[in-house]
file start04.cif (mmCIF, C-alpha atoms and all ligand atoms)
data_target
loop_
_atom_site.group_PDB
_atom_site.id
_atom_site.type_symbol
_atom_site.label_atom_id
_atom_site.label_comp_id
_atom_site.auth_asym_id
_atom_site.auth_seq_id
_atom_site.Cartn_x
_atom_site.Cartn_y
_atom_site.Cartn_z
ATOM 1 C CA MET Y 1 -42.795 34.966 8.793
ATOM 2 C CA GLU Y 2 -44.953 36.102 5.875
ATOM 3 C CA THR Y 3 -48.059 38.021 6.976
ATOM 4 C CA GLY Y 4 -49.426 38.770 3.508
ATOM 5 C CA LEU Y 5 -50.188 42.334 4.620
ATOM 6 C CA LYS Y 6 -47.986 43.966 1.985
ATOM 7 C CA GLY Y 7 -50.128 46.214 -0.221
ATOM 8 C CA LYS Y 8 -53.259 45.768 1.926
ATOM 9 C CA THR Y 9 -55.137 48.958 2.749
ATOM 10 C CA VAL Y 10 -55.704 49.443 6.472
ATOM 11 C CA LEU Y 11 -57.895 52.068 8.129
ATOM 12 C CA LEU Y 12 -56.639 52.606 11.685
ATOM 13 C CA SER Y 13 -58.444 54.808 14.218
ATOM 14 C CA GLY Y 14 -56.627 56.130 17.278
ATOM 15 C CA ALA Y 15 -53.406 56.176 15.253
ATOM 16 C CA SER Y 16 -51.818 58.857 17.431
ATOM 17 C CA GLY Y 17 -52.364 56.946 20.678
ATOM 18 C CA GLY Y 18 -49.930 54.871 22.698
ATOM 19 C CA ILE Y 19 -51.258 51.613 21.276
ATOM 20 C CA GLY Y 20 -52.482 52.909 17.894
ATOM 21 C CA SER Y 21 -49.154 54.493 16.920
ATOM 22 C CA GLU Y 22 -47.360 51.200 17.595
ATOM 23 C CA ILE Y 23 -49.943 49.342 15.503
ATOM 24 C CA ALA Y 24 -49.290 51.852 12.686
ATOM 25 C CA ARG Y 25 -45.558 51.179 12.854
ATOM 26 C CA TYR Y 26 -46.093 47.396 12.766
ATOM 27 C CA PHE Y 27 -48.353 47.654 9.702
ATOM 28 C CA THR Y 28 -45.978 49.992 7.911
ATOM 29 C CA ARG Y 29 -43.130 47.526 8.431
ATOM 30 C CA GLU Y 30 -45.310 44.936 6.714
ATOM 31 C CA GLY Y 31 -45.713 47.278 3.718
ATOM 32 C CA ALA Y 32 -49.431 47.976 4.239
ATOM 33 C CA LYS Y 33 -51.086 51.155 2.912
ATOM 34 C CA LEU Y 34 -52.466 53.115 5.835
ATOM 35 C CA ILE Y 35 -55.329 55.522 6.408
ATOM 36 C CA LEU Y 36 -54.420 56.918 9.818
ATOM 37 C CA THR Y 37 -57.021 58.870 11.732
ATOM 38 C CA TYR Y 38 -56.945 60.731 15.033
ATOM 39 C CA LEU Y 39 -58.419 63.756 16.739
ATOM 40 C CA ASP Y 40 -55.514 65.948 17.800
ATOM 41 C CA ASP Y 41 -53.385 67.041 14.889
ATOM 42 C CA GLU Y 42 -50.377 68.005 17.048
ATOM 43 C CA ARG Y 43 -50.165 64.610 18.759
ATOM 44 C CA GLY Y 44 -50.775 62.976 15.392
ATOM 45 C CA LYS Y 45 -47.928 64.846 13.728
ATOM 46 C CA ALA Y 46 -45.503 63.786 16.469
ATOM 47 C CA GLU Y 47 -46.434 60.134 15.946
ATOM 48 C CA ILE Y 48 -46.192 60.472 12.169
ATOM 49 C CA LYS Y 49 -42.579 61.598 12.657
ATOM 50 C CA LEU Y 50 -41.882 58.299 14.412
ATOM 51 C CA LEU Y 51 -43.689 56.471 11.636
ATOM 52 C CA GLU Y 52 -41.443 58.178 9.089
ATOM 53 C CA GLU Y 53 -38.449 56.870 11.056
ATOM 54 C CA THR Y 54 -39.933 53.384 10.820
ATOM 55 C CA LEU Y 55 -40.209 53.772 7.068
ATOM 56 C CA LYS Y 56 -36.455 54.274 6.970
ATOM 57 C CA ASP Y 57 -35.595 51.005 8.691
ATOM 58 C CA GLY Y 58 -34.735 49.227 5.493
ATOM 59 C CA ARG Y 59 -37.966 47.399 4.757
ATOM 60 C CA PRO Y 60 -40.080 48.247 1.725
ATOM 61 C CA PRO Y 61 -42.060 51.207 2.995
ATOM 62 C CA GLY Y 62 -45.826 51.264 3.209
ATOM 63 C CA GLU Y 63 -47.659 54.398 2.161
ATOM 64 C CA TYR Y 64 -50.043 56.369 4.324
ATOM 65 C CA ILE Y 65 -52.470 59.254 4.475
ATOM 66 C CA THR Y 66 -53.710 60.974 7.621
ATOM 67 C CA VAL Y 67 -57.208 62.279 8.326
ATOM 68 C CA VAL Y 68 -57.975 64.412 11.384
ATOM 69 C CA ALA Y 69 -61.540 63.604 12.420
ATOM 70 C CA ASP Y 70 -63.789 63.462 15.468
ATOM 71 C CA LEU Y 71 -65.262 59.958 15.522
ATOM 72 C CA THR Y 72 -68.247 61.082 17.578
ATOM 73 C CA VAL Y 73 -69.514 63.081 14.584
ATOM 74 C CA GLU Y 74 -71.164 61.086 11.783
ATOM 75 C CA SER Y 75 -70.095 63.443 8.974
ATOM 76 C CA GLU Y 76 -66.476 63.326 10.188
ATOM 77 C CA VAL Y 77 -66.412 59.542 9.883
ATOM 78 C CA ASP Y 78 -67.841 59.875 6.360
ATOM 79 C CA LYS Y 79 -64.946 62.271 5.675
ATOM 80 C CA ILE Y 80 -62.417 59.573 6.612
ATOM 81 C CA TYR Y 81 -63.971 57.115 4.154
ATOM 82 C CA LYS Y 82 -64.164 59.730 1.412
ATOM 83 C CA ALA Y 83 -60.440 60.471 1.795
ATOM 84 C CA GLY Y 84 -59.573 56.773 2.020
ATOM 85 C CA GLU Y 85 -61.626 55.821 -1.032
ATOM 86 C CA ASP Y 86 -60.354 58.739 -3.104
ATOM 87 C CA LYS Y 87 -56.808 57.570 -2.458
ATOM 88 C CA TYR Y 88 -57.070 53.781 -2.401
ATOM 89 C CA GLY Y 89 -60.559 52.668 -3.436
ATOM 90 C CA ARG Y 90 -61.094 49.441 -1.548
ATOM 91 C CA ILE Y 91 -60.182 49.248 2.125
ATOM 92 C CA ASP Y 92 -59.183 45.728 3.140
ATOM 93 C CA ILE Y 93 -58.790 45.987 6.900
ATOM 94 C CA LEU Y 94 -60.357 48.132 9.633
ATOM 95 C CA VAL Y 95 -58.599 48.407 12.991
ATOM 96 C CA ALA Y 96 -60.802 50.327 15.427
ATOM 97 C CA CYS Y 97 -58.417 51.372 18.173
ATOM 98 C CA ALA Y 98 -59.564 54.855 19.284
ATOM 99 C CA GLY Y 99 -61.026 54.840 22.755
ATOM 100 C CA VAL Y 100 -61.069 56.717 26.027
ATOM 101 C CA TRP Y 101 -60.990 55.605 29.636
ATOM 102 C CA SER Y 102 -63.386 57.072 32.172
ATOM 103 C CA GLU Y 103 -63.416 58.969 35.456
ATOM 104 C CA THR Y 104 -63.067 56.782 38.558
ATOM 105 C CA ARG Y 105 -66.464 56.852 40.362
ATOM 106 C CA ASN Y 106 -69.028 54.653 42.032
ATOM 107 C CA VAL Y 107 -72.043 54.240 39.753
ATOM 108 C CA ALA Y 108 -74.103 56.161 42.328
ATOM 109 C CA ASP Y 109 -72.102 59.240 41.413
ATOM 110 C CA ARG Y 110 -71.908 58.750 37.636
ATOM 111 C CA PRO Y 111 -73.504 61.637 35.726
ATOM 112 C CA LEU Y 112 -75.577 60.521 32.735
ATOM 113 C CA LYS Y 113 -73.477 62.831 30.575
ATOM 114 C CA GLU Y 114 -70.329 60.783 31.278
ATOM 115 C CA TRP Y 115 -72.131 57.483 30.629
ATOM 116 C CA ASN Y 116 -73.460 58.777 27.294
ATOM 117 C CA MET Y 117 -70.070 60.198 26.304
ATOM 118 C CA ALA Y 118 -68.344 56.873 27.022
ATOM 119 C CA PHE Y 119 -70.745 55.120 24.650
ATOM 120 C CA LYS Y 120 -70.383 57.827 22.040
ATOM 121 C CA LEU Y 121 -66.584 57.547 22.020
ATOM 122 C CA ASN Y 122 -66.090 53.819 22.524
ATOM 123 C CA SER Y 123 -69.166 52.126 21.018
ATOM 124 C CA THR Y 124 -70.989 54.463 18.625
ATOM 125 C CA ALA Y 125 -67.700 55.559 17.048
ATOM 126 C CA ASP Y 126 -66.869 51.900 16.333
ATOM 127 C CA PHE Y 127 -70.358 51.414 14.863
ATOM 128 C CA LEU Y 128 -69.879 54.412 12.531
ATOM 129 C CA LEU Y 129 -66.417 53.227 11.495
ATOM 130 C CA THR Y 130 -67.705 49.719 10.847
ATOM 131 C CA ARG Y 131 -70.698 50.942 8.859
ATOM 132 C CA GLY Y 132 -68.406 52.955 6.615
ATOM 133 C CA PHE Y 133 -66.146 49.926 6.219
ATOM 134 C CA PHE Y 134 -69.039 47.615 5.268
ATOM 135 C CA ARG Y 135 -70.306 50.188 2.735
ATOM 136 C CA ASN Y 136 -66.840 50.228 1.196
ATOM 137 C CA LEU Y 137 -66.797 46.408 1.039
ATOM 138 C CA ARG Y 138 -70.230 46.418 -0.608
ATOM 139 C CA LYS Y 139 -68.894 48.753 -3.272
ATOM 140 C CA TYR Y 140 -65.672 46.815 -3.884
ATOM 141 C CA LYS Y 141 -66.650 43.201 -3.353
ATOM 142 C CA GLU Y 142 -63.795 40.737 -2.851
ATOM 143 C CA ASP Y 143 -63.366 37.487 -0.930
ATOM 144 C CA ARG Y 144 -61.328 38.835 1.964
ATOM 145 C CA ALA Y 145 -61.833 41.599 4.531
ATOM 146 C CA VAL Y 146 -60.908 41.931 8.201
ATOM 147 C CA VAL Y 147 -62.129 43.953 11.165
ATOM 148 C CA VAL Y 148 -60.059 44.068 14.345
ATOM 149 C CA TYR Y 149 -61.598 45.872 17.318
ATOM 150 C CA ILE Y 150 -59.537 46.897 20.314
ATOM 151 C CA GLY Y 151 -61.612 45.850 23.290
ATOM 152 C CA SER Y 152 -60.405 45.575 26.870
ATOM 153 C CA THR Y 153 -60.319 43.013 29.653
ATOM 154 C CA ALA Y 154 -62.687 45.499 31.355
ATOM 155 C CA GLY Y 155 -65.347 44.466 28.839
ATOM 156 C CA MET Y 156 -64.818 40.781 29.651
ATOM 157 C CA ILE Y 157 -64.521 40.713 33.435
ATOM 158 C CA GLY Y 158 -65.800 44.190 34.352
ATOM 159 C CA GLU Y 159 -63.896 47.043 35.920
ATOM 160 C CA ALA Y 160 -65.168 48.446 39.195
ATOM 161 C CA TYR Y 161 -65.483 52.253 39.211
ATOM 162 C CA HIS Y 162 -65.109 52.258 35.405
ATOM 163 C CA HIS Y 163 -68.428 50.456 34.772
ATOM 164 C CA ASP Y 164 -69.264 52.832 31.893
ATOM 165 C CA TYR Y 165 -66.005 52.081 30.060
ATOM 166 C CA ALA Y 166 -66.426 48.339 30.742
ATOM 167 C CA ALA Y 167 -69.992 48.376 29.357
ATOM 168 C CA THR Y 168 -68.903 50.148 26.147
ATOM 169 C CA LYS Y 169 -66.233 47.511 25.554
ATOM 170 C CA SER Y 170 -68.619 44.590 26.271
ATOM 171 C CA ALA Y 171 -70.926 46.032 23.610
ATOM 172 C CA ILE Y 172 -68.141 45.701 21.063
ATOM 173 C CA ILE Y 173 -66.658 42.366 22.159
ATOM 174 C CA TYR Y 174 -69.911 40.469 22.643
ATOM 175 C CA GLY Y 175 -72.651 42.324 20.762
ATOM 176 C CA LEU Y 176 -71.136 43.969 17.731
ATOM 177 C CA ALA Y 177 -68.229 41.671 16.859
ATOM 178 C CA GLN Y 178 -70.174 38.437 17.376
ATOM 179 C CA SER Y 179 -73.013 39.669 15.118
ATOM 180 C CA LEU Y 180 -70.829 41.113 12.406
ATOM 181 C CA ARG Y 181 -68.684 37.983 12.023
ATOM 182 C CA VAL Y 182 -71.773 36.708 10.187
ATOM 183 C CA GLU Y 183 -72.929 39.946 8.494
ATOM 184 C CA ILE Y 184 -69.510 40.538 6.928
ATOM 185 C CA LEU Y 185 -70.050 37.433 4.765
ATOM 186 C CA ASP Y 186 -72.675 39.384 2.768
ATOM 187 C CA TYR Y 187 -69.825 41.418 1.250
ATOM 188 C CA ALA Y 188 -66.706 39.234 1.680
ATOM 189 C CA ARG Y 189 -67.020 35.442 1.472
ATOM 190 C CA LEU Y 190 -64.040 34.923 3.791
ATOM 191 C CA GLY Y 191 -64.419 38.136 5.818
ATOM 192 C CA ARG Y 192 -63.413 37.980 9.484
ATOM 193 C CA VAL Y 193 -64.215 40.030 12.583
ATOM 194 C CA ASN Y 194 -62.026 39.676 15.666
ATOM 195 C CA VAL Y 195 -61.212 41.487 18.889
ATOM 196 C CA VAL Y 196 -57.923 42.082 20.711
ATOM 197 C CA CYS Y 197 -58.425 42.826 24.405
ATOM 198 C CA PRO Y 198 -55.526 44.460 26.227
ATOM 199 C CA GLY Y 199 -55.324 44.319 29.983
ATOM 200 C CA TRP Y 200 -53.120 46.923 31.648
ATOM 201 C CA CYS Y 201 -50.805 48.463 29.064
ATOM 202 C CA ALA Y 202 -48.079 51.101 29.442
ATOM 203 C CA THR Y 203 -49.292 54.090 27.387
ATOM 204 C CA PRO Y 204 -49.633 57.823 28.060
ATOM 205 C CA ILE Y 205 -52.982 57.065 29.777
ATOM 206 C CA THR Y 206 -51.357 54.806 32.377
ATOM 207 C CA GLU Y 207 -47.822 56.269 32.446
ATOM 208 C CA GLU Y 208 -48.238 58.290 35.651
ATOM 209 C CA MET Y 209 -49.982 55.471 37.539
ATOM 210 C CA LEU Y 210 -47.268 52.991 36.557
ATOM 211 C CA LYS Y 211 -44.585 55.151 38.183
ATOM 212 C CA ASP Y 212 -46.119 54.257 41.559
ATOM 213 C CA LYS Y 213 -44.488 51.005 42.786
ATOM 214 C CA GLN Y 214 -47.282 50.237 45.223
ATOM 215 C CA PHE Y 215 -49.833 50.597 42.443
ATOM 216 C CA VAL Y 216 -47.829 48.332 40.137
ATOM 217 C CA HIS Y 217 -47.586 45.825 43.005
ATOM 218 C CA GLU Y 218 -51.372 45.924 43.493
ATOM 219 C CA ILE Y 219 -52.362 45.454 39.868
ATOM 220 C CA THR Y 220 -49.717 42.854 39.087
ATOM 221 C CA SER Y 221 -50.817 40.800 42.108
ATOM 222 C CA THR Y 222 -53.774 39.659 39.993
ATOM 223 C CA ILE Y 223 -51.687 39.008 36.874
ATOM 224 C CA PRO Y 224 -49.913 35.630 36.612
ATOM 225 C CA LEU Y 225 -47.142 37.093 34.423
ATOM 226 C CA ARG Y 226 -46.776 39.895 37.013
ATOM 227 C CA LYS Y 227 -46.219 42.704 34.524
ATOM 228 C CA VAL Y 228 -48.252 44.986 32.292
ATOM 229 C CA ALA Y 229 -48.202 44.959 28.489
ATOM 230 C CA THR Y 230 -46.338 47.352 26.226
ATOM 231 C CA PRO Y 231 -47.941 48.611 22.988
ATOM 232 C CA LYS Y 232 -45.728 46.122 21.103
ATOM 233 C CA ASP Y 233 -47.576 43.231 22.765
ATOM 234 C CA ILE Y 234 -50.898 44.600 21.522
ATOM 235 C CA ALA Y 235 -49.622 45.527 18.047
ATOM 236 C CA ALA Y 236 -48.263 42.006 17.506
ATOM 237 C CA ALA Y 237 -51.672 40.544 18.402
ATOM 238 C CA VAL Y 238 -53.390 42.947 15.975
ATOM 239 C CA ILE Y 239 -51.041 41.943 13.154
ATOM 240 C CA TYR Y 240 -51.877 38.300 13.871
ATOM 241 C CA MET Y 241 -55.628 38.963 13.758
ATOM 242 C CA ALA Y 242 -55.363 41.169 10.640
ATOM 243 C CA SER Y 243 -53.309 38.675 8.654
ATOM 244 C CA ASP Y 244 -55.168 36.063 6.609
ATOM 245 C CA GLU Y 245 -51.908 34.124 6.439
ATOM 246 C CA LEU Y 246 -51.667 33.875 10.233
ATOM 247 C CA SER Y 247 -55.288 33.770 11.436
ATOM 248 C CA GLY Y 248 -57.290 33.067 8.279
ATOM 249 C CA HIS Y 249 -59.554 30.561 10.062
ATOM 250 C CA VAL Y 250 -60.189 32.742 13.141
ATOM 251 C CA THR Y 251 -63.346 34.845 13.293
ATOM 252 C CA GLY Y 252 -65.400 35.995 16.259
ATOM 253 C CA GLY Y 253 -62.179 35.476 18.181
ATOM 254 C CA VAL Y 254 -61.311 37.402 21.319
ATOM 255 C CA LEU Y 255 -57.582 37.467 21.949
ATOM 256 C CA THR Y 256 -56.782 38.635 25.453
ATOM 257 C CA VAL Y 257 -53.383 40.253 25.919
ATOM 258 C CA GLY Y 258 -53.477 40.733 29.657
ATOM 259 C CA GLY Y 259 -50.736 38.550 31.123
ATOM 260 C CA GLY Y 260 -53.465 36.177 32.341
ATOM 261 C CA MET Y 261 -55.179 38.849 34.481
ATOM 262 C CA ASN Y 262 -58.372 37.465 35.958
ATOM 263 C CA GLY Y 263 -59.762 40.118 38.229
ATOM 264 C CA ARG Y 264 -58.901 42.287 41.166
ATOM 265 C CA LEU Y 265 -57.614 41.438 44.598
ATOM 266 C CA LEU Y 266 -60.584 42.426 46.734
ATOM 267 C CA HIS Y 267 -60.093 41.036 50.222
ATOM 268 C CA GLY Y 268 -57.178 40.319 52.501
ATOM 269 C CA GLU Y 269 -53.883 42.118 52.585
ATOM 270 C CA LEU Y 270 -51.300 42.317 49.873
ATOM 271 C CA LYS Y 271 -47.982 40.746 50.741
ATOM 272 C CA PRO Y 272 -45.250 43.376 51.095
ATOM 273 C CA ILE Y 273 -43.128 44.061 48.041
ATOM 274 C CA THR Y 274 -40.150 41.708 48.371
ATOM 275 C CA GLU Y 275 -38.358 42.340 45.124
ATOM 276 C CA ASP Y 276 -37.626 45.146 42.725
ATOM 277 C CA LEU Y 277 -40.828 44.927 40.727
ATOM 278 C CA LYS Y 278 -40.560 46.051 37.108
ATOM 279 C CA PRO Y 279 -43.827 47.096 35.445
ATOM 280 C CA TYR Y 280 -42.884 45.503 32.105
HETATM 281 N N1 LIG N 301 -53.787 51.627 27.813
HETATM 282 C C1 LIG N 301 -54.390 50.603 28.368
HETATM 283 O O1 LIG N 301 -54.013 50.133 29.466
HETATM 284 C C2 LIG N 301 -55.572 49.965 27.670
HETATM 285 C C3 LIG N 301 -56.115 48.808 28.247
HETATM 286 C C4 LIG N 301 -57.197 48.193 27.630
HETATM 287 C C5 LIG N 301 -57.715 48.710 26.451
HETATM 288 N N2 LIG N 301 -57.185 49.844 25.926
HETATM 289 C C6 LIG N 301 -57.794 50.350 24.700
HETATM 290 O O2 LIG N 301 -56.806 50.537 23.715
HETATM 291 C C7 LIG N 301 -57.169 51.601 22.842
HETATM 292 C C8 LIG N 301 -56.027 52.605 22.726
HETATM 293 O O3 LIG N 301 -55.721 53.077 24.024
HETATM 294 P P1 LIG N 301 -54.404 53.937 24.320
HETATM 295 O O4 LIG N 301 -53.957 53.539 25.670
HETATM 296 O O5 LIG N 301 -53.460 53.852 23.196
HETATM 297 O O6 LIG N 301 -55.055 55.376 24.429
HETATM 298 P P2 LIG N 301 -54.505 56.820 23.961
HETATM 299 O O7 LIG N 301 -53.017 56.835 23.963
HETATM 300 O O8 LIG N 301 -55.214 57.828 24.791
HETATM 301 O O9 LIG N 301 -55.059 56.920 22.473
HETATM 302 C C9 LIG N 301 -56.415 57.120 22.231
HETATM 303 C C10 LIG N 301 -56.597 57.392 20.755
HETATM 304 O O10 LIG N 301 -58.003 57.624 20.497
HETATM 305 C C11 LIG N 301 -58.126 58.860 19.793
HETATM 306 N N3 LIG N 301 -59.399 59.534 20.116
HETATM 307 C C12 LIG N 301 -59.903 59.820 21.335
HETATM 308 N N4 LIG N 301 -61.077 60.469 21.212
HETATM 309 C C13 LIG N 301 -61.319 60.593 19.878
HETATM 310 C C14 LIG N 301 -62.355 61.173 19.089
HETATM 311 N N5 LIG N 301 -63.426 61.756 19.661
HETATM 312 N N6 LIG N 301 -62.253 61.114 17.753
HETATM 313 C C15 LIG N 301 -61.181 60.547 17.159
HETATM 314 N N7 LIG N 301 -60.176 59.970 17.827
HETATM 315 C C16 LIG N 301 -60.233 59.994 19.178
HETATM 316 C C17 LIG N 301 -56.959 59.675 20.275
HETATM 317 O O11 LIG N 301 -56.717 60.722 19.338
HETATM 318 P P3 LIG N 301 -55.964 62.073 19.853
HETATM 319 O O12 LIG N 301 -54.658 61.662 20.428
HETATM 320 O O13 LIG N 301 -55.818 62.833 18.614
HETATM 321 O O14 LIG N 301 -56.888 62.677 20.871
HETATM 322 C C18 LIG N 301 -55.847 58.630 20.295
HETATM 323 O O15 LIG N 301 -55.352 58.425 18.992
HETATM 324 C C19 LIG N 301 -58.458 52.197 23.409
HETATM 325 O O16 LIG N 301 -59.567 51.660 22.728
HETATM 326 C C20 LIG N 301 -58.441 51.730 24.846
HETATM 327 O O17 LIG N 301 -59.728 51.635 25.408
HETATM 328 C C21 LIG N 301 -56.125 50.487 26.490
#
call {"tool": "encode", "arguments": {"input": "start04.cif", "output": "structure tokens"}}
result
Amino acid sequence: METGLKGKTVLLSGASGGIGSEIARYFTREGAKLILTYLDDERGKAEIKLLEETLKDGRPPGEYITVVADLTVESEVDKIYKAGEDKYGRIDILVACAGVWSETRNVADRPLKEWNMAFKLNSTADFLLTRGFFRNLRKYKEDRAVVVYIGSTAGMIGEAYHHDYAATKSAIIYGLAQSLRVEILDYARLGRVNVVCPGWCATPITEEMLKDKQFVHEITSTIPLRKVATPKDIAAAVIYMASDELSGHVTGGVLTVGGGMNGRLLHGELKPITEDLKPY
């Protein structure tokens, strides 16, 4: 199926992460030009190796540049745009994927420092990235442009003991994205802003937890499909949202990739595990 992403310039944050690196590989297979950004150069280099392998899989390769930057620092975000513009000029698509989970605590025990840090990393960083993207669009006006935020089911239905993380994601899904689906039209007549919300996904963040069968049993008891996502599930949804060919009439959309998860089992006992439960 034609996605029309060949030759499009994509700025992807969190490109070294479990989900972000898969998104990078999907875009590169489509022949997009990538500006990949992440914080830890070592982890980034390891993922870039895998990306290079992807470039060898026979499809017309996309190009890429990498920029190591801390998204909590305003001047570092400006640095990403400077590098991106120097290389490609206009940036067509922003995928804001970087994000961090939080410590498990009751709100009564949450230090203000952790709350503020969660917002800095998950909400303010997305604001800074988006502002840079809109400034680029203003400079290079065209009809089309796309923003895809990576939200979380936590931001839609809450996540007990990770209230700070959940609140940062709600800010993006409901406040930022729903406002900017209109503001983007100032600089791109057919510009679109959408959100992909993963539920549980197997990445380095969740790897250890998902080795515990009882834990997998507990979380999948609230998921109709009874499994967690893999980064491929999320990357495919991002490609759909980024492609004007596939989702050109979708804006302000929130695509949940959570296996139908609708909350947590709070009361009553879990049934015993009766089968060999696979996490994905
Ligand atoms: N995994 C899940 O179950 C799940 C579920 C729902 C939503 N999500 C969301 O999906 C997104 C990706 O998650 P993931 O599981 O792939 O996480 P991950 O593997 O930990 O990746 C996180 C990415 O964010 C980058 N990052 C963190 N702090 C940064 C900073 N200050 N400046 C720049 N980059 C920074 C990391 O860069 P370095 O590696 O260089 O530090 C990494 O590339 C996040 O927004 C997360 O909230 C994940």
call {"tool": "axis_aligned_box", "arguments": {"input": "start04.cif", "around": "stretch 27-36 of chain Y", "padding_each_side": "8 Å", "output": "JSON"}}
result
{"center_x": -49.2, "center_y": 50.9, "center_z": 6.4, "size_x": 28.2, "size_y": 28.0, "size_z": 22.9}
call {"tool": "residues_near_ligand", "arguments": {"input": "start04.cif", "ligand": "ligand LIG 301 (chain N)", "cutoff": "8 Å", "atoms": "only C-alpha atoms and all ligand atoms", "output": "JSON, numbers by chain"}}
result
{"Y": [13, 14, 15, 16, 17, 18, 19, 20, 21, 37, 38, 39, 40, 41, 42, 43, 44, 68, 69, 70, 71, 72, 96, 97, 98, 99, 100, 101, 121, 122, 125, 150, 151, 152, 153, 154, 165, 169, 197, 198, 199, 200, 201, 202, 203, 204, 205, 206, 229, 231]}
call {"tool": "resolve_selection", "arguments": {"input": "start04.cif", "expression": "the PyMOL selection byres (((chain Y and resi 173) around 10) and not hetatm)", "output": "short mmCIF file (atom, residue, chain, number, x, y, z; two decimals) with C-alpha atoms, in the coordinates of the input"}}
result
data_model
loop_
_atom_site.label_atom_id
_atom_site.label_comp_id
_atom_site.auth_asym_id
_atom_site.auth_seq_id
_atom_site.Cartn_x
_atom_site.Cartn_y
_atom_site.Cartn_z
CA TYR Y 149 -61.60 45.87 17.32
CA ILE Y 150 -59.54 46.90 20.31
CA GLY Y 151 -61.61 45.85 23.29
CA SER Y 152 -60.40 45.58 26.87
CA THR Y 153 -60.32 43.01 29.65
CA GLY Y 155 -65.35 44.47 28.84
CA MET Y 156 -64.82 40.78 29.65
CA ALA Y 167 -69.99 48.38 29.36
CA THR Y 168 -68.90 50.15 26.15
CA LYS Y 169 -66.23 47.51 25.55
CA SER Y 170 -68.62 44.59 26.27
CA ALA Y 171 -70.93 46.03 23.61
CA ILE Y 172 -68.14 45.70 21.06
CA TYR Y 174 -69.91 40.47 22.64
CA GLY Y 175 -72.65 42.32 20.76
CA LEU Y 176 -71.14 43.97 17.73
CA ALA Y 177 -68.23 41.67 16.86
CA GLN Y 178 -70.17 38.44 17.38
CA SER Y 179 -73.01 39.67 15.12
CA ASN Y 194 -62.03 39.68 15.67
CA VAL Y 195 -61.21 41.49 18.89
CA VAL Y 196 -57.92 42.08 20.71
CA CYS Y 197 -58.42 42.83 24.40
CA GLY Y 252 -65.40 35.99 16.26
CA GLY Y 253 -62.18 35.48 18.18
CA VAL Y 254 -61.31 37.40 21.32
#
call {"tool": "residues_around", "arguments": {"input": "start04.cif", "residues": "Y:Gly259", "least_positions_apart": "6", "cutoff": "8 Å", "atoms": "all atoms listed in the file", "output": "short mmCIF file (atom, residue, chain, number, x, y, z; two decimals) with C-alpha atoms, keeping the file's coordinate frame"}}
result
data_model
loop_
_atom_site.label_atom_id
_atom_site.label_comp_id
_atom_site.auth_asym_id
_atom_site.auth_seq_id
_atom_site.Cartn_x
_atom_site.Cartn_y
_atom_site.Cartn_z
CA GLY Y 199 -55.32 44.32 29.98
CA ILE Y 223 -51.69 39.01 36.87
CA PRO Y 224 -49.91 35.63 36.61
CA LEU Y 225 -47.14 37.09 34.42
CA ARG Y 226 -46.78 39.90 37.01
CA LYS Y 227 -46.22 42.70 34.52
CA VAL Y 228 -48.25 44.99 32.29
CA ALA Y 229 -48.20 44.96 28.49
#
call {"tool": "resolve_selection", "arguments": {"input": "start04.cif", "expression": "the PyMOL selection byres (((chain Y and resi 212-220) around 10) and not hetatm)", "output": "tab-separated table (two decimals) with C-alpha atoms, in the coordinates of the input"}}
result
chain	number	residue	atom	x	y	z
Y	200	TRP	CA	-53.12	46.92	31.65
Y	207	GLU	CA	-47.82	56.27	32.45
Y	208	GLU	CA	-48.24	58.29	35.65
Y	209	MET	CA	-49.98	55.47	37.54
Y	210	LEU	CA	-47.27	52.99	36.56
Y	211	LYS	CA	-44.58	55.15	38.18
Y	221	SER	CA	-50.82	40.80	42.11
Y	222	THR	CA	-53.77	39.66	39.99
Y	223	ILE	CA	-51.69	39.01	36.87
Y	224	PRO	CA	-49.91	35.63	36.61
Y	225	LEU	CA	-47.14	37.09	34.42
Y	226	ARG	CA	-46.78	39.90	37.01
Y	227	LYS	CA	-46.22	42.70	34.52
Y	228	VAL	CA	-48.25	44.99	32.29
Y	259	GLY	CA	-50.74	38.55	31.12
Y	261	MET	CA	-55.18	38.85	34.48
Y	263	GLY	CA	-59.76	40.12	38.23
Y	264	ARG	CA	-58.90	42.29	41.17
Y	265	LEU	CA	-57.61	41.44	44.60
Y	270	LEU	CA	-51.30	42.32	49.87
Y	271	LYS	CA	-47.98	40.75	50.74
Y	272	PRO	CA	-45.25	43.38	51.10
Y	273	ILE	CA	-43.13	44.06	48.04
Y	276	ASP	CA	-37.63	45.15	42.72
Y	277	LEU	CA	-40.83	44.93	40.73
Y	278	LYS	CA	-40.56	46.05	37.11
Y	279	PRO	CA	-43.83	47.10	35.44
Y	280	TYR	CA	-42.88	45.50	32.10
call {"tool": "atom_distance", "arguments": {"input": "start04.cif", "atom1": "atom CA of Y:Arg189", "atom2": "atom CA of Y:Arg144"}}
result
6.6 Å
call {"tool": "atom_distance", "arguments": {"input": "start04.cif", "atom1": "atom CA of Y:Leu185", "atom2": "atom CA of Y:Met241"}}
result
17.1 Å
call {"tool": "atom_distance", "arguments": {"input": "start04.cif", "atom1": "atom CA of Y:Phe133", "atom2": "atom CA of Y:Lys82"}}
result
11.1 Å
call {"tool": "closest_residue", "arguments": {"input": "start04.cif", "among": "Y:Leu5, Y:Leu190, Y:Ala166, Y:Ala160", "to": "Y:Ser123", "atoms": "only C-alpha atoms"}}
result
Y:Ala166
call {"tool": "residues_around", "arguments": {"input": "start04.cif", "residues": "Y:Glu245", "least_positions_apart": "5", "cutoff": "9 Å", "atoms": "all atoms listed in the file", "output": "list in words"}}
result
Glu2, Thr3, Gly4, Leu5 and Tyr240 of chain Y
call {"tool": "closest_residue", "arguments": {"input": "start04.cif", "among": "Y:Glu142, Y:Asp233, Y:Glu103, Y:Asp244", "to": "Y:Ile23", "atoms": "all atoms listed in the file"}}
result
Y:Asp233
